[in-house]
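File shown: data_25.cif (mmCIF, C-alpha atoms and all ligand atoms).
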data_run
#
loop_
_atom_site.label_atom_id
_atom_site.label_comp_id
_atom_site.auth_asym_id
_atom_site.auth_seq_id
_atom_site.Cartn_x
_atom_site.Cartn_y
_atom_site.Cartn_z
CA MET A 1 -27.07 -5.48 -62.61
CA ASP A 2 -29.76 -8.04 -61.83
CA VAL A 3 -33.45 -7.38 -62.34
CA PHE A 4 -34.23 -6.73 -58.68
CA GLU A 5 -31.41 -4.22 -58.39
CA ALA A 6 -32.66 -2.41 -61.49
CA ILE A 7 -36.21 -2.35 -60.08
CA ASN A 8 -35.05 -1.16 -56.67
CA THR A 9 -32.76 1.57 -57.93
CA ARG A 10 -34.87 2.94 -60.80
CA ARG A 11 -36.13 6.36 -59.85
CA SER A 12 -37.59 9.28 -61.78
CA ILE A 13 -34.64 11.60 -62.28
CA LYS A 14 -35.24 15.30 -62.73
CA LYS A 15 -31.73 16.52 -63.52
CA PHE A 16 -29.49 15.09 -66.21
CA ASP A 17 -26.00 15.86 -67.48
CA ALA A 18 -26.89 17.97 -70.51
CA ASP A 19 -23.49 17.35 -72.13
CA HIS A 20 -23.73 13.57 -72.14
CA LYS A 21 -24.37 11.93 -75.50
CA MET A 22 -25.56 8.35 -75.86
CA THR A 23 -24.13 6.27 -78.67
CA SER A 24 -26.45 4.96 -81.36
CA ASP A 25 -25.55 1.41 -80.21
CA GLU A 26 -26.77 2.22 -76.70
CA ILE A 27 -30.00 3.67 -78.06
CA ASP A 28 -30.46 0.58 -80.24
CA GLN A 29 -29.86 -1.68 -77.25
CA ILE A 30 -32.65 0.04 -75.33
CA LEU A 31 -35.05 -0.13 -78.28
CA LYS A 32 -34.22 -3.79 -78.97
CA SER A 33 -35.12 -4.50 -75.34
CA ALA A 34 -38.32 -2.46 -75.63
CA ILE A 35 -39.60 -4.54 -78.55
CA LEU A 36 -39.34 -7.71 -76.47
CA SER A 37 -42.07 -6.33 -74.21
CA PRO A 38 -45.24 -8.40 -74.33
CA THR A 39 -48.27 -7.23 -76.33
CA SER A 40 -51.69 -8.80 -76.63
CA TYR A 41 -51.77 -11.13 -79.67
CA ASN A 42 -48.16 -10.05 -80.23
CA ILE A 43 -49.69 -7.03 -81.96
CA GLN A 44 -46.60 -4.86 -81.31
CA ASN A 45 -48.70 -1.74 -81.62
CA TRP A 46 -46.10 0.58 -80.09
CA ARG A 47 -44.25 3.09 -82.24
CA PHE A 48 -41.23 4.83 -80.74
CA VAL A 49 -40.14 8.31 -81.76
CA THR A 50 -36.58 8.92 -80.58
CA ILE A 51 -35.27 12.43 -80.20
CA THR A 52 -31.67 13.41 -79.54
CA LYS A 53 -31.35 16.72 -81.43
CA GLN A 54 -30.94 19.54 -78.93
CA GLU A 55 -33.25 21.96 -80.74
CA LEU A 56 -36.08 19.40 -80.76
CA LYS A 57 -35.51 18.51 -77.10
CA ASN A 58 -35.71 22.23 -76.28
CA GLN A 59 -39.00 22.50 -78.14
CA LEU A 60 -40.31 19.43 -76.32
CA SER A 61 -39.24 20.92 -73.01
CA ARG A 62 -41.23 24.06 -73.80
CA LEU A 63 -44.26 21.89 -74.64
CA SER A 64 -43.76 20.09 -71.30
CA HIS A 65 -44.40 23.09 -69.07
CA ASP A 66 -40.68 23.91 -69.31
CA GLN A 67 -39.62 20.74 -67.51
CA ARG A 68 -35.85 21.04 -67.78
CA HIS A 69 -35.12 17.31 -67.65
CA VAL A 70 -36.60 17.01 -71.14
CA SER A 71 -33.98 19.28 -72.70
CA GLU A 72 -31.15 17.99 -70.49
CA ALA A 73 -31.78 14.28 -71.12
CA SER A 74 -29.63 12.61 -73.77
CA LEU A 75 -32.59 10.85 -75.34
CA VAL A 76 -36.33 11.42 -75.37
CA ILE A 77 -38.51 8.50 -76.43
CA ILE A 78 -42.10 9.35 -77.30
CA LEU A 79 -44.12 6.18 -76.93
CA CYS A 80 -46.95 6.18 -79.45
CA ALA A 81 -49.28 3.45 -80.63
CA ASP A 82 -50.91 2.62 -83.94
CA LEU A 83 -54.62 2.15 -83.18
CA ASN A 84 -55.08 0.29 -86.46
CA SER A 85 -52.15 -2.09 -86.17
CA TRP A 86 -54.67 -4.93 -85.68
CA ASN A 87 -55.69 -4.41 -89.32
CA LYS A 88 -52.31 -3.81 -90.95
CA ASN A 89 -51.13 -7.14 -92.30
CA PRO A 90 -51.45 -8.85 -88.89
CA GLU A 91 -50.14 -12.14 -90.35
CA ARG A 92 -46.65 -10.74 -89.77
CA TYR A 93 -47.18 -10.81 -85.98
CA TRP A 94 -47.22 -14.62 -86.26
CA LYS A 95 -44.92 -15.14 -89.21
CA ASN A 96 -42.90 -17.84 -87.37
CA ILE A 97 -45.77 -20.27 -86.83
CA PRO A 98 -47.51 -22.59 -89.33
CA GLU A 99 -50.24 -21.17 -91.53
CA GLU A 100 -53.24 -22.82 -89.91
CA PRO A 101 -52.71 -21.64 -86.31
CA ARG A 102 -51.58 -18.31 -87.74
CA ASN A 103 -54.91 -17.83 -89.53
CA THR A 104 -56.83 -18.74 -86.38
CA MET A 105 -54.80 -16.24 -84.40
CA VAL A 106 -55.35 -13.48 -86.94
CA GLU A 107 -59.12 -14.09 -87.08
CA SER A 108 -59.33 -13.94 -83.31
CA LEU A 109 -57.19 -10.81 -83.18
CA LYS A 110 -59.38 -9.03 -85.72
CA LYS A 111 -62.52 -9.98 -83.79
CA SER A 112 -61.00 -8.44 -80.67
CA TYR A 113 -60.39 -5.02 -82.19
CA ARG A 114 -62.65 -4.54 -85.23
CA ASP A 115 -65.18 -1.71 -84.54
CA LYS A 116 -63.92 -1.50 -80.96
CA PRO A 117 -62.19 1.87 -80.57
CA GLN A 118 -62.07 1.57 -76.78
CA GLN A 119 -60.25 -1.77 -77.05
CA GLN A 120 -57.84 -0.32 -79.59
CA ARG A 121 -57.06 2.56 -77.25
CA ASP A 122 -56.84 0.35 -74.16
CA GLU A 123 -54.35 -1.84 -76.01
CA ALA A 124 -52.25 1.22 -76.85
CA MET A 125 -52.06 2.09 -73.14
CA ARG A 126 -51.30 -1.48 -72.03
CA SER A 127 -48.58 -2.05 -74.63
CA CYS A 128 -46.83 1.28 -74.14
CA GLY A 129 -47.00 0.97 -70.33
CA MET A 130 -45.20 -2.36 -70.59
CA ALA A 131 -42.64 -1.00 -73.05
CA ALA A 132 -42.00 2.06 -70.88
CA GLN A 133 -41.04 -0.10 -67.92
CA THR A 134 -38.79 -2.25 -70.11
CA ILE A 135 -37.08 0.89 -71.41
CA MET A 136 -36.54 2.22 -67.89
CA LEU A 137 -35.13 -1.04 -66.53
CA ALA A 138 -32.93 -1.63 -69.58
CA ALA A 139 -31.56 1.91 -69.33
CA LYS A 140 -30.94 1.49 -65.61
CA SER A 141 -28.99 -1.71 -66.17
CA MET A 142 -26.84 0.15 -68.72
CA GLY A 143 -25.93 2.86 -66.20
CA TYR A 144 -28.56 5.36 -67.32
CA ASP A 145 -31.49 6.93 -65.54
CA THR A 146 -34.92 7.85 -66.77
CA CYS A 147 -38.13 9.72 -66.10
CA PRO A 148 -41.52 8.60 -67.41
CA MET A 149 -43.65 11.60 -68.36
CA LYS A 150 -47.16 12.64 -69.25
CA GLY A 151 -46.82 16.31 -68.34
CA PHE A 152 -46.82 17.77 -71.84
CA ASP A 153 -49.18 19.14 -74.45
CA TYR A 154 -50.19 16.00 -76.34
CA GLU A 155 -51.72 17.87 -79.24
CA LYS A 156 -48.73 20.13 -79.87
CA VAL A 157 -46.22 17.32 -79.42
CA GLY A 158 -48.29 15.28 -81.89
CA LYS A 159 -47.95 18.11 -84.43
CA LEU A 160 -44.21 18.39 -83.76
CA ILE A 161 -43.63 14.71 -84.53
CA ASN A 162 -46.18 14.47 -87.40
CA LEU A 163 -48.24 11.92 -85.50
CA PRO A 164 -50.37 10.00 -88.03
CA ASP A 165 -54.17 10.36 -87.63
CA ASP A 166 -54.67 6.77 -86.51
CA HIS A 167 -51.91 6.89 -83.88
CA VAL A 168 -51.94 8.16 -80.29
CA ILE A 169 -49.18 9.38 -78.02
CA VAL A 170 -49.20 7.45 -74.74
CA MET A 171 -46.27 8.93 -72.83
CA MET A 172 -42.62 9.94 -73.00
CA VAL A 173 -39.58 8.46 -71.31
CA VAL A 174 -36.48 10.62 -71.03
CA VAL A 175 -33.12 8.90 -70.63
CA GLY A 176 -29.78 10.29 -69.56
CA LYS A 177 -26.94 10.43 -67.05
CA ALA A 178 -28.28 11.54 -63.69
CA ALA A 179 -26.71 14.81 -62.54
CA LYS A 180 -28.48 14.87 -59.18
CA PRO A 181 -29.72 12.00 -57.03
CA PRO A 182 -33.47 11.59 -56.72
CA SER A 183 -35.24 13.07 -53.73
CA VAL A 184 -36.58 10.72 -51.08
CA ARG A 185 -39.27 8.33 -52.34
CA GLY A 186 -42.75 9.77 -51.93
CA GLY A 187 -43.69 6.70 -49.93
CA GLN A 188 -45.15 3.37 -50.98
CA LEU A 189 -48.53 2.18 -49.75
CA GLU A 190 -48.60 -0.91 -47.56
CA LEU A 191 -49.31 -4.18 -49.37
CA SER A 192 -52.16 -4.66 -46.91
CA GLU A 193 -53.98 -1.68 -48.47
CA ILE A 194 -53.58 -2.68 -52.09
CA VAL A 195 -53.40 -6.46 -52.29
CA PHE A 196 -56.54 -8.58 -51.94
CA GLU A 197 -56.49 -12.31 -51.66
CA ASP A 198 -59.14 -13.94 -53.85
CA HIS A 199 -61.47 -10.91 -53.94
CA PHE A 200 -61.98 -7.35 -52.65
C1 LIG A 301 -47.43 7.94 -66.39
C2 LIG A 301 -46.45 8.78 -65.62
C3 LIG A 301 -46.35 10.12 -65.89
C4 LIG A 301 -45.40 10.91 -65.23
N1 LIG A 301 -45.24 12.22 -65.59
C5 LIG A 301 -44.22 12.92 -65.06
C6 LIG A 301 -43.92 14.22 -65.54
O1 LIG A 301 -44.56 14.76 -66.43
N2 LIG A 301 -42.88 14.87 -64.99
C7 LIG A 301 -42.10 14.32 -64.01
O2 LIG A 301 -41.15 14.95 -63.57
N3 LIG A 301 -42.37 13.09 -63.53
C8 LIG A 301 -43.39 12.38 -64.03
N4 LIG A 301 -43.64 11.09 -63.59
C9 LIG A 301 -42.79 10.51 -62.53
C10 LIG A 301 -43.57 10.28 -61.23
O3 LIG A 301 -43.73 11.48 -60.56
C11 LIG A 301 -42.77 9.26 -60.42
O4 LIG A 301 -42.74 8.04 -61.13
C12 LIG A 301 -43.40 8.99 -59.05
O5 LIG A 301 -43.34 10.13 -58.26
C13 LIG A 301 -42.68 7.86 -58.33
O6 LIG A 301 -41.30 8.15 -58.21
P1 LIG A 301 -40.18 7.17 -58.76
O7 LIG A 301 -40.44 6.97 -60.22
O8 LIG A 301 -38.88 7.87 -58.50
O9 LIG A 301 -40.30 5.88 -58.01
C14 LIG A 301 -44.58 10.32 -64.22
C15 LIG A 301 -44.72 8.94 -63.95
C16 LIG A 301 -45.62 8.18 -64.66
C17 LIG A 301 -45.67 6.70 -64.39
#
For this file, write the structure as structure tokens.
Ligand SMILES: Cc1cc2nc3c(=O)[nH]c(=O)nc-3n(C[C@H](O)[C@H](O)[C@H](O)COP(=O)(O)O)c2cc1C
Amino acid sequence: MDVFEAINTRRSIKKFDADHKMTSDEIDQILKSAILSPTSYNIQNWRFVTITKQELKNQLSRLSHDQRHVSEASLVIILCADLNSWNKNPERYWKNIPEEPRNTMVESLKKSYRDKPQQQRDEAMRSCGMAAQTIMLAAKSMGYDTCPMKGFDYEKVGKLINLPDDHVIVMMVVVGKAAKPPSVRGGQLELSEIVFEDHF
């Protein structure tokens, strides 16, 4: 499947085949695609919690206003971010380049995030948003469907997954075999309403 086909056919699916199991290789393939998503300064601040155990998916479904697609999906990925990743041995984000440019990069990175909680949080949202789309398109190209989700109790889900204090949950993506086609698209806005040449 080419990229445009994946983009055009990706939809948020609300009913999955509850009996379908993904292989660990398939799950790995999706995650290996996800980590190629771009991040500012290559900070790779996303952390992915993968859930396939039925009992946990049921609990997550209950914490998601009983949305059934959470328990029926084969895989739930909770996209989290480490707000302090900028300060956790950031040299490793540039391990492949020579020492001098690496040090410059790391200094600049630290300046961008040190004492800037809003920047740290914004970066969490940017990085996980990018990774979520990669996950959805990769899954689609493998014959799976997905639904991105924010309709859940963030605090209780955080407790369920032992979210560390300096991490945030950004969103979930559920992945599985569609058991029902999506309903008609809600309707896209016209480009003329949302695209501005040069300025608003
Ligand atoms: C950040 C985000 C959160 C969403 N949360 C939910 C959710 O909790 N439950 C759900 O069924 N769909 C959820 N959706 C899916 C949207 O309703 C869906 O993307 C939108 O209606 C457009 O439809 P499409 O994805 O099929 O193109 C969410 C989508 C995004 C991007």
Selection: 9 Å around Val49 of chain A, all atoms listed in the file, excl. self and same-chain fewer than 2 positions, as an MDAnalysis selection string: chainID A and resid 47 51 76:80 161
9 Å shell around ligand LIG 301 (chain A) using only C-alpha atoms and all ligand atoms, listed as JSON, numbers by chain: {"A": [8, 9, 10, 11, 12, 13, 14, 64, 65, 67, 69, 129, 132, 133, 146, 147, 148, 149, 150, 151, 152, 170, 171, 172, 173, 182, 183, 184, 185, 186, 187, 188]}
Trp46 of chain A surroundings by only C-alpha atoms, 12 Å radius, close-in-sequence under 6 positions cut, as a PyMOL selection string: chain A and resi 31+34-40+77-86+120-121+123-132+167-171
Just the selected residues (C-alpha atoms), exported as a short mmCIF file (atom, residue, chain, number, x, y, z; two decimals), in the coordinates of the input, please.
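Result saved to result-v2.cif:
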data_model
loop_
_atom_site.label_atom_id
_atom_site.label_comp_id
_atom_site.auth_asym_id
_atom_site.auth_seq_id
_atom_site.Cartn_x
_atom_site.Cartn_y
_atom_site.Cartn_z
CA LEU A 31 -35.05 -0.13 -78.28
CA ALA A 34 -38.32 -2.46 -75.63
CA ILE A 35 -39.60 -4.54 -78.55
CA LEU A 36 -39.34 -7.71 -76.47
CA SER A 37 -42.07 -6.33 -74.21
CA PRO A 38 -45.24 -8.40 -74.33
CA THR A 39 -48.27 -7.23 -76.33
CA SER A 40 -51.69 -8.80 -76.63
CA ILE A 77 -38.51 8.50 -76.43
CA ILE A 78 -42.10 9.35 -77.30
CA LEU A 79 -44.12 6.18 -76.93
CA CYS A 80 -46.95 6.18 -79.45
CA ALA A 81 -49.28 3.45 -80.63
CA ASP A 82 -50.91 2.62 -83.94
CA LEU A 83 -54.62 2.15 -83.18
CA ASN A 84 -55.08 0.29 -86.46
CA SER A 85 -52.15 -2.09 -86.17
CA TRP A 86 -54.67 -4.93 -85.68
CA GLN A 120 -57.84 -0.32 -79.59
CA ARG A 121 -57.06 2.56 -77.25
CA GLU A 123 -54.35 -1.84 -76.01
CA ALA A 124 -52.25 1.22 -76.85
CA MET A 125 -52.06 2.09 -73.14
CA ARG A 126 -51.30 -1.48 -72.03
CA SER A 127 -48.58 -2.05 -74.63
CA CYS A 128 -46.83 1.28 -74.14
CA GLY A 129 -47.00 0.97 -70.33
CA MET A 130 -45.20 -2.36 -70.59
CA ALA A 131 -42.64 -1.00 -73.05
CA ALA A 132 -42.00 2.06 -70.88
CA HIS A 167 -51.91 6.89 -83.88
CA VAL A 168 -51.94 8.16 -80.29
CA ILE A 169 -49.18 9.38 -78.02
CA VAL A 170 -49.20 7.45 -74.74
CA MET A 171 -46.27 8.93 -72.83
#
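The list of residues with at least one atom within 12 Å of Ser108 of chain A, based on all atoms listed in the file and without residues fewer than 2 positions apart in the same chain, reads A:Ser40, A:Tyr41, A:Ile43, A:Trp86, A:Asn87, A:Pro90, A:Glu91, A:Pro101, A:Arg102, A:Asn103, A:Thr104, A:Met105, A:Val106, A:Lys110, A:Lys111, A:Ser112, A:Tyr113, A:Arg114.
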A:Ala179, A:Leu163, A:Val3, A:Ile30 ranked by distance to Ala18 of chain A, top pick (using all atoms listed in the file):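 Going through A:Ala179, A:Leu163, A:Val3, A:Ile30 one by one, the smallest distance to Ala18 of chain A is for A:Ala179.
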Coordinates-based distance that separates atom CA of Leu60 of chain A from atom CA of Ala138 of chain A (Å, one decimal):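 Separating atom CA of Ala138 of chain A from atom CA of Leu60 of chain A is a distance of 23.3 Å.
With all atoms listed in the file as the atoms that count, the residue of A:Asp166, A:Glu99, A:Asp66, A:Asp153 with the shortest distance to Pro117 of chain A is A:Asp166.
You will find atom CA of Val70 of chain A at 19.8 Å from atom CA of Asp28 of chain A.
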Please work out which residues fall within 7 Å of (-32.7, 20.0, -72.5), coordinates as given in the file, with only C-alpha atoms counting, and return them as a CSV table (one decimal) with C-alpha atoms, in the coordinates of the input.
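Listing of out05.csv after writing:
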chain,number,residue,atom,x,y,z
A,18,ALA,CA,-26.9,18.0,-70.5
A,54,GLN,CA,-30.9,19.5,-78.9
A,57,LYS,CA,-35.5,18.5,-77.1
A,58,ASN,CA,-35.7,22.2,-76.3
A,61,SER,CA,-39.2,20.9,-73.0
A,68,ARG,CA,-35.8,21.0,-67.8
A,69,HIS,CA,-35.1,17.3,-67.6
A,70,VAL,CA,-36.6,17.0,-71.1
A,71,SER,CA,-34.0,19.3,-72.7
A,72,GLU,CA,-31.2,18.0,-70.5
A,73,ALA,CA,-31.8,14.3,-71.1
Exercise: Lys32 of chain A partners within 12 Å, all atoms listed in the file, chain neighbours under 5 positions left out, as a PyMOL selection string: chain A and resi 24-27+37+48+131+134-135+138-139
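With atom CA of Gln119 of chain A on one side and atom CA of Lys95 of chain A on the other, the separation reads 23.7 Å.
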Residue contacts of Gly176 of chain A (6 Å, only C-alpha atoms) excluding same-chain residues fewer than 3 positions away, as a list in words: Phe16, Ala73, Ser74, Tyr144 and Asp145 of chain A
Residue nearest Met22 of chain A among A:Glu107, A:Lys177, A:Lys88, A:Asp115 (counting all atoms listed in the file):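 Closest residue, counting all atoms listed in the file: A:Lys177.
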